[in-house]
Amino acid sequence: MRPIHPPSEVTLRGISAGYPRRPVLHRLTAHIPRFATTAIVGPNGSGKSTLLGVLAGLLPVTAGSIERAGDSRPAFVMQRSAVAETLPLTVRETVAMGRWAHRGAWRRLTAHDRAVVDAALDRLGIADLAARQLGRLSGGQRQRALVAQGLAQEAELLLLDEPTTGLDVAARQRISDVLAESAGLGTTVVHVTHDLASARLADHCLLLHDGRLVAQGAPETVLTGATLRRVWGLPDSL
Ligand SMILES: Nc1ncnc2c1ncn2[C@@H]1O[C@H](COP(=O)(O)OP(=O)(O)OP(=O)(O)O)[C@@H](O)[C@H]1O
């Protein structure tokens with residue numbers, strides 16, 4: 001059974017954040033439970049990626065405060081579309097970049113680094129693609145390589161921006177399974193998703209609308225039909 005008040009990995013207190021002359025998040029208070037999966041959901045433009053950027057430490061807050069249990073750098077898996085397809089990297093090299101934070105970019109990988117990279121390739125089911133060029137893979141295969149790179153970082157906090165968008169059912173399930181397994185192994189996982197089915201598999205859910213937190217908690221309490229219709233502006237008949 002889930003504890004009623006699980007310990008937080010991150011506590012956001014009244015944070016505001018955005019871009020120059022473009023405030024996006026308004027006075028948001030939320031918590032990210034430790035060693036669990038959290039899904040961030042909401043309509044287009046509601047501020048999901050902006051919130052992920054704040055959690056990654058890439059965007060400063062303009063008000064409020066953030067408290068983190070750990071102090072190591074989070075791993076950040078960006079949207080597949082944000083990664084240049086022309087990068088001349090193999091899948092293994094892409095995943096091995098996940099070790100840079102531990103090793104530095106120009107140091108040789110140790111046997112442990114190589115074992116971590118192999119394990120990440122295996123967990124995403126892409127060991128057979130290790131020698132292939134990233135840019136010559138299908139979108140779903142490339143997405144798995146990026147998630148494997150995130151895992152290879154062995155970070156306490158793993159942040160992913162739409163890791164299952166555009167994937168087929170089997171690939172989506174595999175990524176959802178890997179994220180749940182990582183949480184079970186002691187990683188705090190936060191992912192942005194448009195896929196309500198994968199959001200329902202998370203332990204915790206943050207629902208955003210217009211840069212504000214509409215609800216947080218267990219997916220079954222947050223993702224109710226009435227709330228979804230209200231936030232997405234859908235008629236009651238749907
Ligand atoms: N780099 C940027 N500079 C200025 N404004 C931005 C920037 N990135 C996003 N925005 C704006 O911030 C708002 C929130 O964007 P964000 O990407 O956080 O939303 P989202 O919920 O992730 O959307 P989507 O579901 O479409 O990916 C949008 O109005 C967007 O236009």
# chains A, B, ... in the order shown; residues from 1 in each chain; ligands from 1
>>> residues_near_ligand(ligand="ligand 1", cutoff="10 Å", atoms="only C-alpha atoms and all ligand atoms", output="ChimeraX atom specification")
/A:17-25,40-53,59,79,161-162,192-194,208-211
>>> write_last_selection(atoms="C-alpha atoms", output="CSV table (one decimal), in the first residue's frame")
chain,number,residue,atom,x,y,z
A,17,ALA,CA,8.9,30.6,-13.8
A,18,GLY,CA,9.0,31.3,-17.6
A,19,TYR,CA,11.0,33.0,-20.3
A,20,PRO,CA,12.0,36.6,-20.9
A,21,ARG,CA,8.7,38.6,-21.1
A,22,ARG,CA,6.8,35.3,-21.0
A,23,PRO,CA,5.7,34.2,-17.5
A,24,VAL,CA,4.4,30.6,-17.7
A,25,LEU,CA,4.2,29.0,-14.3
A,40,ILE,CA,3.1,15.7,-15.5
A,41,VAL,CA,0.0,16.1,-17.7
A,42,GLY,CA,-2.0,19.0,-19.1
A,43,PRO,CA,-3.0,20.5,-22.4
A,44,ASN,CA,-0.6,22.0,-25.0
A,45,GLY,CA,1.1,25.0,-23.7
A,46,SER,CA,0.1,24.4,-20.1
A,47,GLY,CA,3.7,24.6,-18.9
A,48,LYS,CA,4.7,20.9,-18.6
A,49,SER,CA,8.1,21.2,-20.3
A,50,THR,CA,8.7,24.5,-18.5
A,51,LEU,CA,8.2,22.7,-15.2
A,52,LEU,CA,10.5,20.0,-16.3
A,53,GLY,CA,13.1,22.6,-17.1
A,59,LEU,CA,15.2,27.5,-15.9
A,79,GLN,CA,12.1,15.2,-26.5
A,161,ASP,CA,10.1,15.0,-21.7
A,162,GLU,CA,7.4,12.9,-23.6
A,192,VAL,CA,5.8,14.7,-19.1
A,193,THR,CA,3.2,12.9,-21.1
A,194,HIS,CA,0.2,13.4,-23.4
A,208,LEU,CA,-1.4,21.6,-15.2
A,209,HIS,CA,-3.6,24.1,-16.9
A,210,ASP,CA,-2.5,27.6,-18.0
A,211,GLY,CA,0.6,27.4,-15.9
>>> residues_around(residues="Leu55 of chain A", least_positions_apart="6", cutoff="12 Å", atoms="only C-alpha atoms", output="PDB file with C-alpha atoms, in the first residue's frame")
ATOM      1  CA  GLU A   9      12.368  14.206  -3.580  1.00  0.00           C
ATOM      2  CA  VAL A  10      11.391  17.734  -4.618  1.00  0.00           C
ATOM      3  CA  THR A  11       9.103  20.258  -2.950  1.00  0.00           C
ATOM      4  CA  LEU A  12       8.001  23.294  -4.959  1.00  0.00           C
ATOM      5  CA  ILE A  15       7.135  28.858  -7.711  1.00  0.00           C
ATOM      6  CA  ALA A  17       8.946  30.628 -13.843  1.00  0.00           C
ATOM      7  CA  ALA A  30       3.622  20.689  -5.588  1.00  0.00           C
ATOM      8  CA  HIS A  31       5.678  17.772  -4.425  1.00  0.00           C
ATOM      9  CA  ILE A  32       7.478  14.989  -6.255  1.00  0.00           C
ATOM     10  CA  ILE A  40       3.104  15.674 -15.529  1.00  0.00           C
ATOM     11  CA  LYS A  48       4.700  20.913 -18.607  1.00  0.00           C
ATOM     12  CA  SER A  49       8.095  21.214 -20.324  1.00  0.00           C
ATOM     13  CA  VAL A  61      12.362  30.458 -10.707  1.00  0.00           C
ATOM     14  CA  SER A  65      11.406  28.125  -3.611  1.00  0.00           C
ATOM     15  CA  ILE A  66      12.503  24.606  -4.533  1.00  0.00           C
ATOM     16  CA  GLU A  67      13.748  22.092  -2.024  1.00  0.00           C
ATOM     17  CA  ARG A  68      15.475  18.895  -3.115  1.00  0.00           C
ATOM     18  CA  ARG A  73      22.582  16.583 -10.994  1.00  0.00           C
ATOM     19  CA  PRO A  74      19.330  15.220 -12.435  1.00  0.00           C
ATOM     20  CA  ALA A  75      19.372  13.204 -15.658  1.00  0.00           C
ATOM     21  CA  PHE A  76      17.329  14.905 -18.359  1.00  0.00           C
ATOM     22  CA  LEU A 157      16.296  12.111 -10.266  1.00  0.00           C
ATOM     23  CA  LEU A 158      15.428  11.107 -13.840  1.00  0.00           C
ATOM     24  CA  LEU A 159      13.431  13.649 -15.880  1.00  0.00           C
ATOM     25  CA  LEU A 160      11.929  12.748 -19.254  1.00  0.00           C
ATOM     26  CA  ASP A 161      10.052  14.967 -21.714  1.00  0.00           C
ATOM     27  CA  THR A 188      12.796   9.271  -8.614  1.00  0.00           C
ATOM     28  CA  VAL A 189      11.254   9.458 -12.082  1.00  0.00           C
ATOM     29  CA  VAL A 190       9.324  12.427 -13.508  1.00  0.00           C
ATOM     30  CA  HIS A 191       7.944  12.349 -17.022  1.00  0.00           C
ATOM     31  CA  VAL A 192       5.845  14.682 -19.122  1.00  0.00           C
TER      32      VAL A 192
END
>>> select_by_dssp(residues="segment 30-169 of chain A", states="alpha helix (DSSP H)", output="PyMOL selection string")
chain A and resi 48-55+91-96+100-103+111-123+139-152+169
>>> decode(residues="segment 30-65 of chain A", atoms="C-alpha atoms", output="PDB file, in the first residue's frame")
ATOM      1  CA  ALA A  30       3.622  20.689  -5.588  1.00  0.00           C
ATOM      2  CA  HIS A  31       5.678  17.772  -4.425  1.00  0.00           C
ATOM      3  CA  ILE A  32       7.478  14.989  -6.255  1.00  0.00           C
ATOM      4  CA  PRO A  33       7.517  11.772  -4.184  1.00  0.00           C
ATOM      5  CA  ARG A  34      10.815   9.986  -3.760  1.00  0.00           C
ATOM      6  CA  PHE A  35      11.533   6.610  -5.436  1.00  0.00           C
ATOM      7  CA  ALA A  36       8.267   6.811  -7.342  1.00  0.00           C
ATOM      8  CA  THR A  37       7.106   7.769 -10.843  1.00  0.00           C
ATOM      9  CA  THR A  38       5.384  11.117 -11.348  1.00  0.00           C
ATOM     10  CA  ALA A  39       3.548  12.009 -14.567  1.00  0.00           C
ATOM     11  CA  ILE A  40       3.104  15.674 -15.529  1.00  0.00           C
ATOM     12  CA  VAL A  41       0.018  16.086 -17.709  1.00  0.00           C
ATOM     13  CA  GLY A  42      -1.969  18.980 -19.139  1.00  0.00           C
ATOM     14  CA  PRO A  43      -3.044  20.546 -22.431  1.00  0.00           C
ATOM     15  CA  ASN A  44      -0.595  21.951 -25.002  1.00  0.00           C
ATOM     16  CA  GLY A  45       1.113  25.045 -23.687  1.00  0.00           C
ATOM     17  CA  SER A  46       0.080  24.449 -20.059  1.00  0.00           C
ATOM     18  CA  GLY A  47       3.719  24.590 -18.908  1.00  0.00           C
ATOM     19  CA  LYS A  48       4.700  20.913 -18.607  1.00  0.00           C
ATOM     20  CA  SER A  49       8.095  21.214 -20.324  1.00  0.00           C
ATOM     21  CA  THR A  50       8.720  24.494 -18.516  1.00  0.00           C
ATOM     22  CA  LEU A  51       8.166  22.735 -15.188  1.00  0.00           C
ATOM     23  CA  LEU A  52      10.538  19.968 -16.251  1.00  0.00           C
ATOM     24  CA  GLY A  53      13.113  22.636 -17.131  1.00  0.00           C
ATOM     25  CA  VAL A  54      12.743  24.078 -13.626  1.00  0.00           C
ATOM     26  CA  LEU A  55      13.178  20.626 -12.060  1.00  0.00           C
ATOM     27  CA  ALA A  56      16.267  20.075 -14.244  1.00  0.00           C
ATOM     28  CA  GLY A  57      17.742  23.357 -12.995  1.00  0.00           C
ATOM     29  CA  LEU A  58      17.792  24.730 -16.550  1.00  0.00           C
ATOM     30  CA  LEU A  59      15.242  27.483 -15.870  1.00  0.00           C
ATOM     31  CA  PRO A  60      15.417  29.757 -12.828  1.00  0.00           C
ATOM     32  CA  VAL A  61      12.362  30.458 -10.707  1.00  0.00           C
ATOM     33  CA  THR A  62      11.261  34.084 -10.451  1.00  0.00           C
ATOM     34  CA  ALA A  63       9.342  33.517  -7.197  1.00  0.00           C
ATOM     35  CA  GLY A  64       8.939  30.812  -4.586  1.00  0.00           C
ATOM     36  CA  SER A  65      11.406  28.125  -3.611  1.00  0.00           C
TER      37      SER A  65
END
